[in-house]
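The file protein.cif comes next; it holds mmCIF, C-alpha atoms.
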```cif
data_input
loop_
_atom_site.label_atom_id
_atom_site.label_comp_id
_atom_site.auth_asym_id
_atom_site.auth_seq_id
_atom_site.Cartn_x
_atom_site.Cartn_y
_atom_site.Cartn_z
CA MET A 42 90.46 120.32 86.65
CA PHE A 43 90.19 116.69 85.56
CA ILE A 44 90.52 113.73 87.96
CA GLN A 45 91.31 110.14 87.05
CA ILE A 46 90.48 107.60 89.76
CA ILE A 47 92.40 104.33 89.89
CA GLN A 48 91.06 101.56 92.11
CA GLY A 49 91.84 97.91 92.75
CA LYS A 50 92.54 95.21 95.34
CA VAL A 51 96.20 94.97 96.31
CA SER A 52 98.15 91.71 96.54
CA ASP A 53 101.64 93.19 97.06
CA GLU A 54 101.48 96.24 99.30
CA ALA A 55 105.24 96.67 99.66
CA GLY A 56 105.71 96.41 95.91
CA LEU A 57 102.99 98.96 95.30
CA VAL A 58 104.58 101.44 97.70
CA ARG A 59 107.89 101.05 95.87
CA CYS A 60 106.19 101.62 92.53
CA MET A 61 104.41 104.72 93.77
CA ASP A 62 107.63 106.13 95.17
CA ARG A 63 109.36 105.46 91.86
CA TRP A 64 106.57 107.24 89.96
CA THR A 65 106.99 110.30 92.17
CA GLU A 66 110.75 110.38 91.71
CA ASP A 67 111.23 109.22 88.11
CA VAL A 68 107.97 109.48 86.15
CA ARG A 69 106.20 112.51 87.58
CA PRO A 70 108.73 115.13 86.37
CA GLY A 71 107.63 114.52 82.76
CA ALA A 72 103.89 114.53 83.49
CA THR A 73 102.74 117.76 81.85
CA GLY A 74 99.61 119.19 83.43
CA PHE A 75 99.83 117.00 86.53
CA LEU A 76 98.46 118.83 89.58
CA GLY A 77 98.70 116.23 92.32
CA CYS A 78 97.46 112.92 93.64
CA THR A 79 95.72 111.59 96.74
CA GLN A 80 96.28 107.87 97.20
CA GLY A 81 96.10 105.27 99.91
CA LEU A 82 95.36 101.73 100.97
CA CYS A 83 92.05 101.11 102.74
CA ASP A 84 91.09 98.55 105.38
CA ASP A 85 89.76 95.95 102.93
CA GLY A 86 92.90 96.01 100.80
CA THR A 87 91.48 98.42 98.23
CA PHE A 88 93.92 100.96 96.83
CA ILE A 89 92.46 104.22 95.57
CA ALA A 90 94.26 107.04 93.80
CA LEU A 91 92.73 110.34 92.72
CA ALA A 92 95.14 111.85 90.19
CA ARG A 93 94.49 115.51 89.36
CA PHE A 94 95.33 117.03 85.98
CA GLU A 95 94.75 120.39 84.36
CA SER A 96 92.59 118.76 81.70
CA ALA A 97 91.50 115.46 80.17
CA GLU A 98 93.98 116.10 77.36
CA ALA A 99 96.86 116.38 79.85
CA ALA A 100 95.82 113.09 81.48
CA ARG A 101 95.62 111.39 78.07
CA LEU A 102 99.06 112.65 77.04
CA ASN A 103 100.52 111.39 80.30
CA SER A 104 98.98 107.94 79.79
CA GLU A 105 100.53 107.75 76.32
CA ARG A 106 104.10 108.38 77.51
CA PRO A 107 106.32 105.29 77.11
CA GLU A 108 107.77 105.69 80.60
CA GLN A 109 104.25 105.83 82.04
CA GLY A 110 103.32 102.64 80.19
CA ALA A 111 106.44 100.83 81.40
CA TRP A 112 105.79 101.95 84.97
CA TRP A 113 102.17 100.79 84.87
CA ALA A 114 103.13 97.37 83.46
CA GLU A 115 105.18 96.81 86.60
CA THR A 116 102.69 98.42 88.99
CA GLU A 117 99.74 96.42 87.68
CA ARG A 118 101.36 93.22 88.95
CA CYS A 119 100.89 94.47 92.53
CA PHE A 120 97.10 94.11 92.20
CA ASP A 121 94.89 91.06 92.60
CA GLY A 122 92.62 91.12 89.57
CA PRO A 123 91.52 93.98 87.33
CA VAL A 124 92.08 97.64 88.13
CA SER A 125 89.35 100.16 87.34
CA PHE A 126 89.92 103.62 85.87
CA MET A 127 87.26 106.31 86.20
CA ASP A 128 87.63 109.54 84.25
CA CYS A 129 85.91 112.45 85.98
CA PRO A 130 85.59 115.55 83.78
CA GLU A 131 83.45 117.48 86.28
CA VAL A 132 85.29 118.33 89.49
CA ALA A 133 84.09 120.65 92.26
CA GLU A 134 86.29 121.79 95.14
CA TRP A 135 84.78 122.93 98.42
CA MET A 136 86.44 124.65 101.37
CA GLY A 137 89.50 125.12 99.18
CA GLY A 138 89.65 121.56 97.89
CA GLY A 139 92.04 118.85 99.03
CA SER A 140 94.96 119.55 101.33
CA ASP A 141 98.42 118.01 101.59
CA ASP A 142 98.26 118.79 105.32
CA ALA A 143 95.68 116.03 105.83
CA THR A 144 96.64 112.93 107.80
CA PHE A 145 93.30 111.18 107.19
CA VAL A 146 91.18 111.09 104.03
CA GLN A 147 87.73 109.58 103.65
CA VAL A 148 86.50 108.67 100.18
CA MET A 149 82.84 108.10 99.36
CA GLU A 150 81.72 106.41 96.16
CA GLY A 151 78.12 106.18 95.05
CA HIS A 152 75.47 107.39 92.65
CA THR A 153 73.50 110.61 92.58
CA THR A 154 70.34 111.69 90.83
CA ASP A 155 71.47 115.32 90.68
CA ALA A 156 75.21 116.08 90.73
CA HIS A 157 74.57 119.77 90.09
CA ARG A 158 72.45 120.08 93.22
CA MET A 159 75.06 118.15 95.22
CA ARG A 160 77.66 120.75 94.26
CA GLU A 161 75.27 123.54 95.27
CA LEU A 162 74.67 121.93 98.66
CA LEU A 163 78.40 121.67 99.30
CA ASP A 164 78.81 125.37 98.53
CA GLU A 165 75.82 126.34 100.69
CA SER A 166 77.04 124.36 103.69
CA ALA A 167 80.79 125.06 103.47
CA ASP A 168 80.95 128.02 105.90
CA ARG A 169 78.81 126.32 108.54
CA VAL A 170 80.70 123.03 108.19
CA HIS A 171 83.97 124.90 108.69
CA GLU A 172 82.60 126.44 111.91
CA LEU A 173 81.27 123.16 113.26
CA ARG A 174 84.03 120.84 112.01
CA PRO A 175 87.34 122.76 112.00
CA GLU A 176 89.23 119.49 111.50
CA ILE A 177 87.85 119.29 107.94
CA LEU A 178 90.40 120.91 105.66
CA GLY A 179 88.35 120.67 102.47
CA GLY A 180 87.24 118.25 99.81
CA THR A 181 86.56 117.42 96.19
CA LEU A 182 83.49 116.06 94.44
CA CYS A 183 83.90 114.50 91.02
CA THR A 184 81.42 112.75 88.76
CA TYR A 185 81.67 110.19 85.98
CA GLY A 186 79.45 108.13 83.72
CA ASP A 187 75.71 108.03 84.40
CA GLY A 188 75.41 109.50 87.89
CA GLY A 189 78.54 108.03 89.44
CA TYR A 190 80.38 110.22 91.91
CA VAL A 191 83.42 110.13 94.17
CA GLU A 192 83.87 112.56 97.05
CA ALA A 193 87.10 112.90 99.05
CA VAL A 194 87.16 114.71 102.39
CA TYR A 195 90.46 115.75 103.98
CA PHE A 196 90.93 115.88 107.77
CA THR A 197 93.64 117.15 110.10
CA SER A 198 93.53 113.79 111.92
CA GLU A 199 91.38 110.70 112.18
CA ALA A 200 91.03 111.10 115.96
CA GLU A 201 89.55 114.58 115.55
CA ALA A 202 87.29 113.40 112.74
CA ARG A 203 85.89 110.55 114.84
CA SER A 204 85.43 112.80 117.86
CA HIS A 205 83.52 115.47 115.94
CA GLU A 206 81.30 112.89 114.25
CA LYS A 207 79.42 112.72 117.56
CA LEU A 208 78.53 116.42 117.58
CA GLU A 209 74.88 117.36 117.28
CA ILE A 210 74.14 118.83 113.87
CA PRO A 211 72.38 122.23 113.91
CA ASP A 212 68.98 122.39 112.22
CA ASP A 213 70.17 124.55 109.31
CA LEU A 214 72.87 122.04 108.42
CA ARG A 215 70.70 119.01 109.07
CA SER A 216 68.25 120.03 106.37
CA LEU A 217 71.08 120.36 103.82
CA PHE A 218 72.58 117.01 104.82
CA GLU A 219 69.20 115.31 104.62
CA GLU A 220 68.66 116.70 101.13
CA GLU A 221 72.07 115.44 100.07
CA GLY A 222 71.17 112.03 101.46
CA ARG A 223 68.04 111.92 99.32
CA LEU A 224 70.15 112.61 96.22
CA THR A 225 72.56 109.70 96.77
CA ASP A 226 72.46 105.93 97.01
CA ASP A 227 74.75 102.88 96.96
CA VAL A 228 77.37 104.85 98.91
CA THR A 229 80.56 103.03 99.96
CA TYR A 230 83.04 104.55 102.41
CA TYR A 231 86.80 104.06 102.14
CA ASP A 232 89.17 105.32 104.84
CA MET A 233 92.76 106.25 104.03
CA HIS A 234 94.40 106.07 107.46
CA SER A 235 97.83 106.93 106.05
CA PRO A 236 97.19 108.84 102.81
CA MET A 237 100.03 109.50 100.40
CA LEU A 238 99.65 113.07 99.15
CA VAL A 239 101.65 114.20 96.14
CA SER A 240 101.63 117.68 94.64
CA ALA A 241 103.05 118.78 91.31
CA GLY A 242 105.97 120.56 92.92
CA ARG A 243 106.76 118.03 95.64
#
```
Represent the structure from my file as structure tokens, please.
Amino acid sequence: MFIQIIQGKVSDEAGLVRCMDRWTEDVRPGATGFLGCTQGLCDDGTFIALARFESAEAARLNSERPEQGAWWAETERCFDGPVSFMDCPEVAEWMGGGSDDATFVQVMEGHTTDAHRMRELLDESADRVHELRPEILGGTLCTYGDGGYVEAVYFTSEAEARSHEKLEIPDDLRSLFEEEGRLTDDVTYYDMHSPMLVSAGR
């Protein structure tokens, strides 16, 4: 899997929603290799989209389609300032990956000194996290550039997520979480309170 992350500050929310709906209806059917997208507007006006493709080649071919270019020329006007694109060739799914059943998605962006070990820690903790936090449906971890990473966690609801945040963490999990914390820095949290979840067949 290959993920392209699109991020920028929004100046026209209603216009952006219309553009995203139009992409789903009119542009997506011709997007070969498209697997799905998680997108949403966060509290500070930042829009984030994690578009999943079968490969980097599929993402490139989609970007080169004339209808994609025409759509983006219109969509870009909904943003205030430049929009960043991050290509993530290394993607790890844990607890089954993302879920279209989620009603709340939290995105974390930061840097890591050891992405490989981060993926191992997610695998090692997945079963225990599922037991302790049943409202977590799964997640994805993707990396780009020199140590940059983006992790998306999918929840059944924000209320359940906030409630379970207060649970005491067992010792076996705490040690794994503490190790993960030592591997990361400059982490920013983005909450998608009303995520828009698009799959290839929907």
>> Please determine, counting only C-alpha atoms, which residue among A:Val58, A:Ile44, A:Met149, A:Ala92 has the shortest atom-to-atom distance to Val132 in chain A.
In response: A:Ile44
> Could you name the residues that touch Phe75 in chain A at 9 Å or less, counting all atoms listed in the file, but leaving out those on the same chain fewer than 5 positions away, as a PyMOL selection string?
Replying inline: chain A and resi 69+92-96+99-100+103+240-241
Using only C-alpha atoms, please write the residues we just selected to a file, as an mmCIF file, keeping the file's coordinate frame.
```cif
data_model
loop_
_atom_site.group_PDB
_atom_site.id
_atom_site.type_symbol
_atom_site.label_atom_id
_atom_site.label_comp_id
_atom_site.auth_asym_id
_atom_site.auth_seq_id
_atom_site.Cartn_x
_atom_site.Cartn_y
_atom_site.Cartn_z
ATOM 1 C CA ARG A 69 106.200 112.510 87.580
ATOM 2 C CA ALA A 92 95.140 111.850 90.190
ATOM 3 C CA ARG A 93 94.490 115.510 89.360
ATOM 4 C CA PHE A 94 95.330 117.030 85.980
ATOM 5 C CA GLU A 95 94.750 120.390 84.360
ATOM 6 C CA SER A 96 92.590 118.760 81.700
ATOM 7 C CA ALA A 99 96.860 116.380 79.850
ATOM 8 C CA ALA A 100 95.820 113.090 81.480
ATOM 9 C CA ASN A 103 100.520 111.390 80.300
ATOM 10 C CA SER A 240 101.630 117.680 94.640
ATOM 11 C CA ALA A 241 103.050 118.780 91.310
#
```
> Applied to the shown file, which residues does the PyMOL selection byres ((chain A and resi 228) around 6) return, written as a list in words?
Replying inline: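 Applying the expression gives Glu150, Gly151, Asp226, Asp227 and Thr229 of chain A.
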> Which residue, A:Asp67, A:Leu102, A:Thr144, A:Leu173, has the smallest gap to Glu209 in chain A when you use only C-alpha atoms?
Replying inline: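 Using only C-alpha atoms, Glu209 in chain A sits closest to A:Leu173.
The spacing separating CA of Ala193 in chain A from CA of Gly71 in chain A amounts to 26.3 Å.
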> Which residues, protein or nucleic acid, reach to within 9 Å of (85.0, 110.2, 96.9) in the file's coordinates when using all atoms listed in the file, and can you give that as an MDAnalysis selection string?
Replying inline: chainID A and resid 91 147:151 180:183 190:194 229:231
> Taking (67.7, 108.6, 91.2) in the file's coordinates, which residues come within 10 Å, counting all atoms listed in the file, written as an MDAnalysis selection string?
Replying inline: chainID A and resid 152:155 188 223:226
>> I want to know what sits within 9 Å of Ala202 in chain A, based on only C-alpha atoms, with residues of the same chain fewer than 5 positions away left out; could you give that as a ChimeraX atom specification?
In response: /A:145,174,176-177,196-197
>> For a quick check of understanding, using all atoms listed in the file, which of A:Ala114, A:Cys129, A:Cys119, A:Val146 has the smallest distance to Leu238 in chain A?
In response: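 So, comparing all the options, the nearest one is A:Val146.
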Where is the centre and how long are the edges: axis-aligned box on range 213-226 of chain A, 3 Å on each side, Å to one decimal, as AutoDock Vina command-line options:
```
--center_x 70.5 --center_y 115.2 --center_z 102.8 --size_x 10.8 --size_y 24.6 --size_z 19.1
```
> What lies within 8 Å of Val68 in chain A using all atoms listed in the file, ignoring chain neighbours under 4 positions off, as a list in words?
Replying inline: Arg63, Trp64, Ala72, Glu108, Gln109 and Trp112 of chain A
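Proximity to Glu105 in chain A was assessed for A:Lys207, A:Val170, A:Thr73, A:Met61 counting all atoms listed in the file; the smallest distance is recorded for A:Thr73.
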Expand the PyMOL selection byres ((chain A and resi 179) around 6) into the explicit residue set it covers here, and present it as a compact mmCIF listing (two decimals) with C-alpha atoms, in the coordinates of the input.
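Everything below was put into selection36.txt:
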```txt
# COMPACT_ATOMS: atom_id res chain seq x y z
CA TRP A 135 84.78 122.93 98.42
CA MET A 136 86.44 124.65 101.37
CA GLY A 137 89.50 125.12 99.18
CA GLY A 138 89.65 121.56 97.89
CA GLY A 139 92.04 118.85 99.03
CA ILE A 177 87.85 119.29 107.94
CA LEU A 178 90.40 120.91 105.66
CA GLY A 180 87.24 118.25 99.81
CA TYR A 195 90.46 115.75 103.98
```
> Which of these, A:Met127, A:Ala55, A:Ala97, A:Met42, has the shortest distance to Leu76 in chain A once you count only C-alpha atoms?
Replying inline: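 Under the stated criterion, the closest residue is A:Met42.
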> Between CA of Val124 in chain A and CA of Arg160 in chain A, what is the spacing in Å?
Replying inline: 27.9 Å
> Mind pulling up the distance from CA of Ala133 in chain A to CA of Ala167 in chain A?
Replying inline: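 Between these atoms lies a distance of 12.5 Å.
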> Out of A:Ala143, A:Ala156, A:Met233, A:Ile210, which residue has the shortest atom-to-atom distance to Gly86 in chain A when counting only C-alpha atoms?
Replying inline: A:Met233
>> To test your reading of the syntax: which residues would the PyMOL selection byres ((chain A and resi 166) around 10) return for the file shown? Reply as a ChimeraX atom specification.
In response: /A:135-136,161-165,167-171,213-215,217-218
Expected file contents, prior selection, C-alpha atoms, as a PDB file, in the frame of the given file:
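This is the output file selection32.pdb:
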```
ATOM      1  CA  TRP A 135      84.780 122.930  98.420  1.00  0.00           C
ATOM      2  CA  MET A 136      86.440 124.650 101.370  1.00  0.00           C
ATOM      3  CA  GLU A 161      75.270 123.540  95.270  1.00  0.00           C
ATOM      4  CA  LEU A 162      74.670 121.930  98.660  1.00  0.00           C
ATOM      5  CA  LEU A 163      78.400 121.670  99.300  1.00  0.00           C
ATOM      6  CA  ASP A 164      78.810 125.370  98.530  1.00  0.00           C
ATOM      7  CA  GLU A 165      75.820 126.340 100.690  1.00  0.00           C
ATOM      8  CA  ALA A 167      80.790 125.060 103.470  1.00  0.00           C
ATOM      9  CA  ASP A 168      80.950 128.020 105.900  1.00  0.00           C
ATOM     10  CA  ARG A 169      78.810 126.320 108.540  1.00  0.00           C
ATOM     11  CA  VAL A 170      80.700 123.030 108.190  1.00  0.00           C
ATOM     12  CA  HIS A 171      83.970 124.900 108.690  1.00  0.00           C
ATOM     13  CA  ASP A 213      70.170 124.550 109.310  1.00  0.00           C
ATOM     14  CA  LEU A 214      72.870 122.040 108.420  1.00  0.00           C
ATOM     15  CA  ARG A 215      70.700 119.010 109.070  1.00  0.00           C
ATOM     16  CA  LEU A 217      71.080 120.360 103.820  1.00  0.00           C
ATOM     17  CA  PHE A 218      72.580 117.010 104.820  1.00  0.00           C
TER      18      PHE A 218
END
```
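Near Glu117 in chain A, within 12 Å and counting all atoms listed in the file, sit Ile47, Gln48, Gly49, Lys50, Val51, Ser52, Asp53, Glu54, Gly56, Leu57, Cys60, Met61, Phe88, Gln109, Gly110, Ala111, Trp112, Trp113, Asp121, Gly122, Pro123, Val124 and Ser125 of chain A; same-chain residues fewer than 4 positions away were not included.
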